[in-house]
>>> print(open('data.txt').read())   # compact mmCIF, C-alpha atoms
# COMPACT_ATOMS: atom_id res chain seq x y z
CA MET A 13 -65.77 -202.75 73.91
CA LYS A 14 -63.19 -200.07 74.76
CA LEU A 15 -62.72 -198.76 78.27
CA ARG A 16 -64.05 -195.30 77.30
CA GLU A 17 -67.29 -196.89 76.12
CA ARG A 18 -67.63 -199.12 79.20
CA ARG A 19 -67.24 -196.32 81.71
CA ALA A 20 -69.65 -194.02 79.86
CA ARG A 21 -72.17 -196.85 79.53
CA LEU A 22 -71.83 -197.74 83.21
CA LEU A 23 -72.51 -194.19 84.40
CA ASP A 24 -75.36 -193.79 81.93
CA ASP A 25 -76.98 -197.01 83.17
CA VAL A 26 -76.73 -195.76 86.76
CA ILE A 27 -79.12 -192.94 85.86
CA ASP A 28 -81.76 -195.48 84.81
CA ILE A 29 -81.43 -197.96 87.66
CA SER A 30 -81.16 -195.42 90.49
CA ARG A 31 -84.07 -194.86 92.86
CA TYR A 32 -84.81 -191.18 93.39
CA PRO A 33 -86.41 -189.70 96.55
CA LEU A 34 -88.58 -187.32 94.52
CA ALA A 35 -90.18 -187.55 91.10
CA ASP A 36 -88.84 -184.10 90.23
CA GLN A 37 -85.30 -185.30 90.90
CA GLU A 38 -85.79 -188.29 88.63
CA ALA A 39 -87.19 -186.10 85.87
CA GLU A 40 -84.26 -183.68 86.14
CA ALA A 41 -81.64 -186.46 86.14
CA LYS A 42 -83.14 -188.25 83.13
CA ALA A 43 -83.73 -185.05 81.17
CA LYS A 44 -80.03 -184.08 81.19
CA ARG A 45 -78.37 -187.45 81.92
CA ARG A 46 -75.18 -186.03 83.46
CA ILE A 47 -72.41 -188.59 83.94
CA ASP A 48 -69.52 -186.31 85.03
CA LEU A 49 -66.44 -188.38 84.26
CA GLY A 50 -63.41 -187.21 86.22
CA VAL A 51 -60.01 -188.12 87.58
CA THR A 52 -58.20 -188.59 90.85
CA GLY A 53 -54.55 -189.10 91.70
CA LEU A 54 -53.34 -186.36 89.36
CA ALA A 55 -50.57 -185.05 91.64
CA ASP A 56 -49.19 -188.56 92.13
CA ALA A 57 -49.30 -189.21 88.38
CA LEU A 58 -47.29 -186.03 87.80
CA LEU A 59 -44.70 -187.23 90.32
CA PHE A 60 -44.29 -190.48 88.42
CA CYS A 61 -43.68 -188.41 85.28
CA GLY A 62 -41.09 -186.25 87.02
CA ALA A 63 -43.23 -183.10 86.90
CA ALA A 64 -43.77 -180.84 89.91
CA TYR A 65 -47.36 -179.81 90.56
CA GLY A 66 -47.93 -176.27 89.27
CA ASP A 67 -45.01 -176.01 86.84
CA ALA A 68 -45.23 -175.70 83.04
CA ARG A 69 -44.65 -179.41 82.37
CA ALA A 70 -47.33 -180.40 84.89
CA ILE A 71 -49.83 -178.09 83.17
CA GLU A 72 -48.88 -179.54 79.79
CA LEU A 73 -49.27 -183.16 80.96
CA MET A 74 -52.57 -182.48 82.71
CA GLY A 75 -53.91 -180.76 79.59
CA ALA A 76 -52.99 -183.75 77.44
CA TRP A 77 -54.62 -186.22 79.86
CA LEU A 78 -57.83 -184.28 80.41
CA GLY A 79 -58.06 -183.45 76.70
CA LEU A 80 -57.94 -187.15 75.87
CA ILE A 81 -60.59 -187.95 78.49
CA LYS A 82 -62.81 -185.19 77.14
CA ARG A 83 -62.55 -186.35 73.52
CA GLU A 84 -63.16 -189.99 74.36
CA ALA A 85 -66.08 -189.11 76.63
CA TYR A 86 -67.83 -187.19 73.84
CA ARG A 87 -67.19 -189.97 71.33
CA ALA A 88 -68.59 -192.57 73.73
CA SER A 89 -71.67 -190.44 74.43
CA ALA A 90 -72.28 -189.94 70.70
CA ALA A 91 -72.02 -193.70 70.18
CA LEU A 92 -74.52 -194.28 73.01
CA ALA A 93 -76.85 -191.73 71.43
CA ALA A 94 -76.75 -193.70 68.18
CA GLU A 95 -77.71 -196.83 70.12
CA LYS A 96 -80.14 -195.53 72.78
CA GLY A 97 -81.14 -192.07 71.64
CA ARG A 98 -80.21 -188.52 72.60
CA PHE A 99 -80.86 -187.08 76.04
CA PRO A 100 -84.32 -185.41 76.07
CA VAL A 101 -83.24 -181.76 76.17
CA TYR A 102 -80.45 -182.11 73.61
CA ASP A 103 -80.13 -179.19 71.20
CA SER A 104 -77.83 -179.15 68.18
CA VAL A 105 -76.78 -175.63 69.15
CA MET A 106 -74.51 -177.32 71.72
CA LEU A 107 -71.99 -177.86 68.92
CA ASP A 108 -71.41 -174.10 68.91
CA THR A 109 -70.61 -173.85 72.61
CA PRO A 110 -66.96 -173.13 73.53
CA ASN A 111 -66.37 -176.51 75.13
CA LEU A 112 -67.33 -178.37 71.94
CA LEU A 113 -65.80 -176.00 69.39
CA ASP A 114 -62.28 -177.21 70.21
CA LEU A 115 -63.12 -180.90 69.62
CA ASP A 116 -61.52 -182.56 66.60
CA ASP A 117 -63.49 -182.75 63.35
CA GLU A 118 -64.15 -186.50 63.60
CA THR A 119 -65.69 -186.18 67.07
CA ARG A 120 -67.78 -183.17 66.04
CA ALA A 121 -69.03 -185.11 63.01
CA MET A 122 -70.16 -187.97 65.27
CA ILE A 123 -72.05 -185.53 67.49
CA ALA A 124 -73.62 -183.77 64.50
CA GLU A 125 -74.88 -187.11 63.18
CA HIS A 126 -76.04 -188.85 66.35
CA GLY A 127 -76.29 -186.13 68.98
CA LEU A 128 -75.27 -186.87 72.58
CA ARG A 129 -76.63 -189.29 75.15
CA ASN A 130 -75.48 -187.15 78.06
CA GLY A 131 -75.74 -183.45 78.79
CA CYS A 132 -72.66 -182.97 80.99
CA LEU A 133 -69.80 -185.39 80.50
CA THR A 134 -66.79 -184.26 82.52
CA SER A 135 -66.30 -182.93 86.02
CA ILE A 136 -63.74 -182.97 88.85
CA ALA A 137 -65.71 -184.16 91.87
CA PRO A 138 -64.61 -184.40 95.53
CA THR A 139 -62.69 -187.68 95.76
CA GLY A 140 -61.18 -187.73 99.25
CA THR A 141 -62.64 -191.04 100.41
CA THR A 142 -62.34 -192.58 96.94
CA SER A 143 -58.64 -191.73 96.89
CA LEU A 144 -58.16 -193.38 100.28
CA LEU A 145 -59.75 -196.57 98.97
CA ALA A 146 -57.47 -196.40 95.92
CA GLY A 147 -54.34 -196.69 98.05
CA ASN A 148 -54.21 -193.14 99.42
CA VAL A 149 -53.42 -191.53 96.09
CA SER A 150 -53.65 -187.77 95.81
CA SER A 151 -57.22 -186.49 95.64
CA GLY A 152 -58.78 -185.24 92.39
CA ILE A 153 -56.57 -182.58 90.81
CA GLU A 154 -55.41 -181.40 94.23
CA PRO A 155 -51.75 -181.38 95.19
CA VAL A 156 -50.66 -183.80 97.89
CA PHE A 157 -51.74 -182.30 101.21
CA ALA A 158 -49.37 -184.32 103.42
CA TYR A 159 -47.01 -187.10 102.34
CA SER A 160 -47.21 -188.92 105.67
CA TYR A 161 -49.20 -188.71 108.89
CA THR A 162 -50.61 -190.94 111.61
CA ARG A 163 -54.20 -192.14 111.47
CA ARG A 164 -56.04 -193.46 114.52
CA ILE A 165 -58.30 -196.38 113.64
CA ARG A 166 -61.18 -197.44 115.86
CA GLU A 167 -61.56 -201.20 116.29
CA PRO A 168 -64.89 -203.09 116.59
CA ASP A 169 -64.41 -203.42 120.35
CA GLY A 170 -64.11 -199.65 120.76
CA SER A 171 -60.34 -199.58 121.20
CA THR A 172 -58.10 -197.61 118.86
CA ARG A 173 -54.81 -198.26 117.15
CA GLU A 174 -52.49 -195.91 115.31
CA GLU A 175 -51.23 -196.58 111.84
CA ALA A 176 -48.77 -194.59 109.74
CA VAL A 177 -50.34 -193.44 106.48
CA GLU A 178 -48.32 -192.36 103.46
CA ASP A 179 -49.17 -190.91 100.09
CA TYR A 180 -49.00 -193.56 97.36
CA ALA A 181 -46.25 -191.88 95.32
CA PHE A 182 -44.17 -191.27 98.45
CA ARG A 183 -44.61 -194.92 99.44
CA VAL A 184 -43.34 -196.05 96.02
CA TRP A 185 -40.38 -193.68 96.30
CA LYS A 186 -39.36 -195.28 99.60
CA GLN A 187 -39.70 -198.76 98.11
CA LEU A 188 -37.36 -197.83 95.27
CA ARG A 189 -34.96 -195.42 96.99
CA GLY A 190 -35.07 -196.47 100.63
CA ASP A 191 -34.23 -193.69 103.08
CA GLU A 192 -33.02 -191.31 100.38
CA PRO A 193 -34.96 -188.06 100.87
CA PRO A 194 -37.18 -187.15 97.91
CA PRO A 195 -36.24 -184.01 95.97
CA PRO A 196 -38.18 -181.08 97.51
CA GLU A 197 -38.50 -179.32 94.14
CA LEU A 198 -40.51 -182.31 92.88
CA PHE A 199 -42.35 -183.44 96.03
CA VAL A 200 -44.25 -180.23 96.59
CA SER A 201 -47.37 -180.12 98.76
CA ALA A 202 -50.28 -177.86 99.59
CA GLN A 203 -48.13 -176.23 102.27
CA THR A 204 -45.26 -175.32 99.93
CA LEU A 205 -47.27 -174.22 96.88
CA GLY A 206 -48.40 -170.65 96.39
CA PRO A 207 -51.90 -169.57 95.33
CA ALA A 208 -50.60 -168.87 91.80
CA ASP A 209 -49.66 -172.54 91.38
CA HIS A 210 -53.15 -173.66 92.42
CA LEU A 211 -54.76 -171.14 90.07
CA ALA A 212 -52.63 -172.15 87.11
CA MET A 213 -53.59 -175.81 87.49
CA GLN A 214 -57.30 -175.17 88.05
CA ALA A 215 -57.57 -172.74 85.12
CA ALA A 216 -55.81 -175.17 82.77
CA ALA A 217 -58.17 -177.96 83.85
CA GLN A 218 -61.29 -175.81 83.63
CA ALA A 219 -60.81 -175.30 79.89
CA LEU A 220 -61.28 -179.06 79.42
CA ILE A 221 -64.05 -179.72 81.98
CA ASP A 222 -67.77 -179.24 81.34
CA SER A 223 -68.85 -178.37 84.87
CA SER A 224 -67.15 -176.89 87.92
CA ILE A 225 -64.03 -178.25 89.58
CA SER A 226 -63.69 -179.31 93.20
CA LYS A 227 -60.43 -177.61 94.18
CA THR A 228 -59.13 -175.96 97.35
CA ILE A 229 -56.54 -173.19 97.26
CA ASN A 230 -54.53 -173.20 100.47
CA VAL A 231 -53.38 -169.78 101.60
CA PRO A 232 -51.18 -168.76 104.55
CA GLU A 233 -52.75 -167.50 107.75
CA ASP A 234 -51.11 -164.07 107.42
CA ILE A 235 -52.12 -163.41 103.80
CA PRO A 236 -53.05 -159.72 103.30
CA SER A 237 -56.70 -159.00 102.56
CA GLU A 238 -55.95 -157.46 99.14
CA CYS A 239 -53.90 -160.51 98.10
CA PHE A 240 -56.73 -162.79 99.22
CA ALA A 241 -59.21 -160.82 97.08
CA ASP A 242 -56.82 -160.97 94.12
CA ILE A 243 -57.02 -164.77 94.13
CA TYR A 244 -60.73 -164.69 93.33
CA ALA A 245 -60.31 -161.89 90.80
CA GLU A 246 -57.55 -163.79 89.03
CA GLY A 247 -59.55 -167.01 89.09
CA TYR A 248 -62.49 -165.24 87.46
CA ARG A 249 -60.18 -163.73 84.82
CA LEU A 250 -58.71 -167.14 84.03
CA GLY A 251 -62.18 -168.65 83.49
CA CYS A 252 -62.62 -170.75 86.63
CA LYS A 253 -66.29 -171.48 87.30
CA GLY A 254 -65.89 -171.73 91.07
CA MET A 255 -63.20 -171.55 93.73
CA THR A 256 -62.63 -172.54 97.33
CA THR A 257 -59.91 -171.19 99.60
CA TYR A 258 -58.69 -172.49 102.95
CA ARG A 259 -56.89 -170.28 105.46
CA PRO A 260 -55.98 -171.69 108.89
CA ASN A 261 -56.61 -169.37 111.82
CA SER A 262 -56.34 -169.21 115.58
CA ILE A 263 -60.06 -169.91 116.09
CA THR A 264 -60.61 -173.02 113.99
CA GLY A 265 -56.95 -174.02 113.92
CA SER A 266 -55.18 -176.07 111.27
CA ILE A 267 -55.52 -179.84 111.27
CA LEU A 268 -52.26 -180.40 109.43
CA SER A 269 -49.33 -178.13 110.20
CA VAL A 270 -45.62 -178.07 109.61
CA GLU A 271 -43.70 -178.66 112.79
CA VAL A 272 -41.14 -175.95 113.39
CA VAL A 273 -38.07 -177.20 115.24
CA THR A 274 -36.08 -174.57 117.07
CA GLU A 275 -32.76 -175.08 118.75
CA LEU A 276 -32.70 -174.42 122.46
CA PRO A 277 -29.88 -172.23 123.76
CA GLU A 278 -27.16 -174.04 125.63
CA ALA A 279 -27.50 -174.08 129.39
CA GLN A 280 -25.32 -171.44 130.99
CA GLY A 281 -25.19 -173.16 134.35
CA THR A 282 -26.87 -170.22 136.08
CA PRO A 283 -29.60 -171.26 138.50
CA LEU A 284 -33.06 -169.82 137.93
CA ASP A 285 -34.22 -167.01 140.17
CA GLU A 286 -36.11 -168.71 142.95
CA SER A 287 -37.44 -165.80 144.93
CA PRO A 288 -39.34 -166.84 148.06
CA LEU A 289 -43.10 -167.03 147.57
CA VAL A 290 -45.24 -164.44 149.27
CA PRO A 291 -47.12 -166.24 152.07
CA ARG A 292 -50.89 -166.26 151.87
CA THR A 293 -52.64 -164.23 154.52
CA GLU A 294 -55.71 -165.55 156.30
CA ALA A 295 -58.08 -163.34 154.32
CA LEU A 296 -57.72 -161.89 150.83
CA PRO A 297 -59.94 -159.45 148.94
CA GLY A 298 -61.36 -160.74 145.70
CA THR A 299 -64.24 -160.94 143.23
CA THR A 300 -66.43 -163.83 142.14
CA TYR A 301 -67.76 -163.85 138.58
CA LYS A 302 -70.73 -165.91 137.45
CA LEU A 303 -70.32 -167.32 133.94
CA LYS A 304 -73.12 -168.93 131.93
CA TRP A 305 -71.71 -171.17 129.21
CA PRO A 306 -74.32 -172.39 126.68
CA GLU A 307 -73.27 -176.05 126.83
CA SER A 308 -73.24 -176.23 130.64
CA ALA A 309 -76.43 -176.86 132.59
CA HIS A 310 -74.99 -175.10 135.64
CA ALA A 311 -73.27 -171.76 136.06
CA ILE A 312 -69.51 -171.62 136.46
CA TYR A 313 -68.15 -169.40 139.25
CA VAL A 314 -64.69 -167.88 138.84
CA THR A 315 -63.19 -166.33 141.98
CA ILE A 316 -59.99 -164.27 141.76
CA ASN A 317 -58.36 -163.14 145.01
CA ASP A 318 -55.80 -160.34 145.07
CA ILE A 319 -52.76 -159.40 147.11
CA GLU A 320 -51.25 -155.95 147.53
CA THR A 321 -47.46 -155.58 147.33
CA GLY A 322 -45.72 -152.22 147.23
CA GLY A 323 -49.04 -150.43 146.89
CA VAL A 324 -49.93 -152.43 143.77
CA ARG A 325 -52.82 -154.87 143.79
CA ARG A 326 -52.46 -157.97 141.63
CA PRO A 327 -54.06 -161.43 141.35
CA PHE A 328 -52.80 -163.99 143.82
CA GLU A 329 -55.02 -167.04 143.27
CA ILE A 330 -58.01 -168.25 141.28
CA PHE A 331 -60.79 -170.76 141.98
CA ILE A 332 -63.13 -172.24 139.36
CA ASN A 333 -66.23 -174.02 140.68
CA SER A 334 -69.39 -175.51 139.20
CA LYS A 335 -72.05 -178.09 140.04
CA ASN A 336 -71.27 -179.69 136.68
CA THR A 337 -68.91 -182.55 137.57
CA GLU A 338 -67.84 -182.81 133.93
CA HIS A 339 -65.64 -179.76 134.50
CA TYR A 340 -64.18 -180.90 137.82
CA ALA A 341 -60.86 -182.45 136.77
CA TRP A 342 -59.74 -179.77 134.32
CA SER A 343 -61.05 -176.92 136.49
CA VAL A 344 -58.99 -178.12 139.48
CA GLY A 345 -55.93 -178.52 137.28
CA LEU A 346 -56.43 -175.08 135.75
CA THR A 347 -56.97 -173.55 139.19
CA ARG A 348 -53.68 -174.94 140.52
CA MET A 349 -51.67 -174.01 137.45
CA ILE A 350 -52.94 -170.43 137.12
CA SER A 351 -52.63 -169.81 140.84
CA ALA A 352 -49.00 -170.99 140.70
CA VAL A 353 -48.32 -168.52 137.90
CA PHE A 354 -50.10 -165.70 139.76
CA ARG A 355 -47.91 -166.22 142.84
CA ARG A 356 -44.66 -166.25 140.87
CA SER A 357 -45.15 -163.39 138.42
CA ALA A 358 -45.91 -159.71 138.81
CA ASP A 359 -47.24 -159.32 135.26
CA VAL A 360 -49.89 -161.99 134.63
CA SER A 361 -51.66 -160.43 131.65
CA PHE A 362 -50.18 -163.14 129.41
CA VAL A 363 -52.29 -165.74 131.24
CA ALA A 364 -55.47 -164.17 129.89
CA GLU A 365 -54.03 -164.00 126.37
CA GLU A 366 -52.99 -167.65 126.41
CA LEU A 367 -56.40 -168.81 127.60
CA LYS A 368 -58.19 -166.69 125.00
CA ALA A 369 -56.19 -168.44 122.27
CA VAL A 370 -57.55 -171.88 123.23
CA PHE A 371 -60.15 -173.23 120.80
CA ASP A 372 -62.38 -176.22 121.41
CA PRO A 373 -62.37 -178.67 118.45
CA ARG A 374 -66.04 -179.36 119.21
CA GLY A 375 -66.78 -175.68 118.63
CA GLY A 376 -67.19 -172.60 120.75
CA ALA A 377 -70.27 -170.41 121.04
CA TRP A 378 -71.64 -167.10 119.86
CA MET A 379 -72.31 -164.90 122.87
CA GLN A 380 -73.76 -161.43 122.48
CA GLY A 381 -72.67 -161.18 118.86
CA ARG A 382 -69.09 -162.30 119.51
CA TYR A 383 -67.58 -165.73 118.92
CA VAL A 384 -65.91 -167.23 122.00
CA PRO A 385 -63.82 -170.22 120.84
CA SER A 386 -63.91 -172.19 124.11
CA LEU A 387 -64.86 -172.16 127.78
CA HIS A 388 -61.18 -171.61 128.57
CA ALA A 389 -61.24 -168.50 126.39
CA ALA A 390 -64.26 -167.26 128.34
CA ILE A 391 -62.30 -167.67 131.59
CA GLY A 392 -59.41 -165.80 129.98
CA ASP A 393 -61.80 -162.94 129.26
CA ILE A 394 -62.78 -162.82 132.94
CA ILE A 395 -59.12 -162.70 134.04
CA GLU A 396 -58.44 -159.92 131.56
CA ARG A 397 -61.41 -157.97 132.88
CA HIS A 398 -60.29 -158.49 136.46
CA ILE A 399 -56.76 -157.19 135.98
CA GLY A 400 -58.19 -154.16 134.17
CA ALA A 401 -56.63 -154.64 130.76
CA ARG A 402 -59.93 -153.70 129.14
CA GLU A 403 -63.66 -153.80 129.79
CA ALA A 404 -64.80 -157.34 129.14
CA GLU A 405 -66.98 -158.05 126.14
CA LEU A 406 -67.98 -161.40 127.55
CA PRO A 407 -71.59 -161.65 128.77
CA ILE A 408 -71.35 -162.34 132.50
CA ASP A 409 -74.40 -163.74 134.31
CA LEU A 410 -76.73 -163.32 131.33
CA PRO A 411 -78.54 -166.63 131.08
CA ASP A 412 -81.01 -165.31 128.52
CA ALA A 413 -78.36 -164.05 126.10
CA PRO A 414 -78.81 -165.63 122.66
CA ALA A 415 -76.08 -168.19 122.01
CA LEU A 416 -75.42 -170.10 118.82
CA GLN A 417 -73.25 -173.19 118.77
CA ARG A 418 -70.62 -173.22 116.09
CA PRO A 419 -70.81 -176.45 114.03
CA PRO A 420 -68.46 -179.05 115.51
CA ARG A 421 -65.17 -179.72 113.75
CA CYS A 422 -64.37 -183.02 115.39
CA CYS A 423 -65.14 -186.29 113.62
CA PRO A 424 -68.69 -187.57 114.23
CA ARG A 425 -67.51 -191.17 113.88
CA CYS A 426 -64.35 -191.41 116.01
CA GLY A 427 -64.57 -188.14 117.96
CA ALA A 428 -61.06 -187.03 117.02
CA ALA A 429 -60.39 -183.39 116.24
CA ALA A 430 -59.06 -184.26 112.80
CA MET A 431 -61.53 -182.98 110.20
CA MET A 432 -59.71 -181.49 107.20
CA ARG A 433 -61.69 -179.54 104.59
CA SER A 434 -60.63 -180.19 101.00
CA GLU A 435 -62.51 -180.20 97.69
CA GLY A 436 -65.71 -179.12 99.39
CA CYS A 437 -65.65 -182.08 101.78
CA GLU A 438 -64.57 -182.58 105.37
CA THR A 439 -62.48 -185.72 105.85
CA CYS A 440 -61.24 -187.17 109.13
CA LEU A 441 -57.51 -187.90 109.04
CA GLU A 442 -57.94 -190.39 111.87
CA CYS A 443 -60.64 -192.80 110.67
CA GLY A 444 -61.33 -191.71 107.09
CA HIS A 445 -64.92 -190.55 107.67
CA SER A 446 -65.93 -188.04 105.01
CA LYS A 447 -68.84 -185.64 104.63
CA CYS A 448 -69.41 -183.36 101.65
CA GLY A 449 -71.48 -180.25 101.25
>>> encode(input="data.txt", output="structure tokens")
Amino acid sequence: MKLRERRARLLDDVIDISRYPLADQEAEAKAKRRIDLGVTGLADALLFCGAAYGDARAIELMGAWLGLIKREAYRASAALAAEKGRFPVYDSVMLDTPNLLDLDDETRAMIAEHGLRNGCLTSIAPTGTTSLLAGNVSSGIEPVFAYSYTRRIREPDGSTREEAVEDYAFRVWKQLRGDEPPPPELFVSAQTLGPADHLAMQAAAQALIDSSISKTINVPEDIPSECFADIYAEGYRLGCKGMTTYRPNSITGSILSVEVVTELPEAQGTPLDESPLVPRTEALPGTTYKLKWPESAHAIYVTINDIETGGVRRPFEIFINSKNTEHYAWSVGLTRMISAVFRRSADVSFVAEELKAVFDPRGGAWMQGRYVPSLHAAIGDIIERHIGAREAELPIDLPDAPALQRPPRCCPRCGAAAMMRSEGCETCLECGHSKCG
């Protein structure tokens, strides 16, 4: 028995031996008998053939491979139909559908004679975890997202260890070429490819796949709105059945990022300006703000005291207090650091901006119709309000304000903030946990 027949038979048998939660689900599965054969490791296979993901040769190779899989899948299903019977809702009109019209005459003759055992034969499913188990090959028809990174692995005793993880093709390159750097024009990744490269590959694959394709198009954070819309319009024009885009942003952040190394200017030997600190007087005027954060059982009190120099009033120190001891360590540290900045700088508006840019990997909260990415960002809002940069939008002392928790983006298994969304699934780069849907 040929491999094409074995894999089709295996997936067809799974439909019969599976236990379904609901009778309606069983009836639907057995009426159409979808098997959805697919691939993974495409980008790595292209590397072994010397083709860069997204170029003309890569599209040609992928078309040849998926075309062969499609033809053999239909032949195997027709042979199964001759042995076990057609799937219940089979209709001979299927031979006139676009995806079957381009089959060769021999395959079409087999289908015309025996029908098909399965209603949907090919698909590109999310394969993140499967690819990890296969030696960390590239996932599905996706490009390689990162050729190397560090994964934290949790041990049975609760401890963790770090292990370097490399893409399979990159690992083979190092075995053969040692420390020789791989050619960047060949070893492209999701960070170096443009949306047009993703679209070209997905559209070429879609013509040979029965159902939709699990594929993520990575776009830069600063992509213009009209260019972002054009991606979907072009995907529709090219015949893609569905599309997913991923754009990193300051709220949710980006799990994988390219480290930018900048050269520091040479030291000039000039000592920094160390102006004497203004001494603290016995009493300072200030304001205390009461902050209700949805995750905290107790209110958080933020006190900002001011000092007047040269007729100008500015913040001099800050205190953050709460009955919730969970916040104690970081609140004391934040208090000392911000107060030190307040005492040494006349313009402290940047402190508020920096705090507002902090996002919590566990998720922020919706407060009065506005998403606040972290408790630190909420404190930044209070500082901004205090120094008069603008009227705060943050709900202060409103315990009954409706608040919705944003779904957490840290891993539910190991707790690391390392969930990467690809192919419709979220996968943890630390422990490999994956969740789809």
>>> residues_around(input="data.txt", residues="stretch 53-63 of chain A", least_positions_apart="2", cutoff="7 Å", atoms="all atoms listed in the file", output="number ranges by chain")
A: 51, 65, 69-70, 149-156, 181, 198
>>> write_last_selection(input="data.txt", atoms="C-alpha atoms", output="PDB file, keeping the file's coordinate frame")
ATOM      1  CA  VAL A  51     -60.010-188.120  87.580  1.00  0.00           C
ATOM      2  CA  TYR A  65     -47.360-179.810  90.560  1.00  0.00           C
ATOM      3  CA  ARG A  69     -44.650-179.410  82.370  1.00  0.00           C
ATOM      4  CA  ALA A  70     -47.330-180.400  84.890  1.00  0.00           C
ATOM      5  CA  VAL A 149     -53.420-191.530  96.090  1.00  0.00           C
ATOM      6  CA  SER A 150     -53.650-187.770  95.810  1.00  0.00           C
ATOM      7  CA  SER A 151     -57.220-186.490  95.640  1.00  0.00           C
ATOM      8  CA  GLY A 152     -58.780-185.240  92.390  1.00  0.00           C
ATOM      9  CA  ILE A 153     -56.570-182.580  90.810  1.00  0.00           C
ATOM     10  CA  GLU A 154     -55.410-181.400  94.230  1.00  0.00           C
ATOM     11  CA  PRO A 155     -51.750-181.380  95.190  1.00  0.00           C
ATOM     12  CA  VAL A 156     -50.660-183.800  97.890  1.00  0.00           C
ATOM     13  CA  ALA A 181     -46.250-191.880  95.320  1.00  0.00           C
ATOM     14  CA  LEU A 198     -40.510-182.310  92.880  1.00  0.00           C
TER      15      LEU A 198
END
>>> residues_around(input="data.txt", residues="stretch 243-251 of chain A", least_positions_apart="4", cutoff="12 Å", atoms="all atoms listed in the file", output="MDAnalysis selection string")
chainID A and resid 110 206:221 223:225 227:231 235:239 255:258
>>> residues_around(input="data.txt", residues="A:Tyr159", least_positions_apart="5", cutoff="9 Å", atoms="only C-alpha atoms", output="PyMOL selection string")
chain A and resi 177-183+199+201
>>> closest_residue(input="data.txt", among="A:Lys335, A:Ile350, A:Val363, A:Ile399", to="A:Thr299", atoms="only C-alpha atoms")
A:Ile399
>>> closest_residue(input="data.txt", among="A:Leu49, A:Ala124, A:Arg129, A:Ala241", to="A:Pro100", atoms="only C-alpha atoms")
A:Arg129
>>> closest_residue(input="data.txt", among="A:Glu365, A:Glu125, A:Asp114, A:Asp67", to="A:Val200", atoms="all atoms listed in the file")
A:Asp67
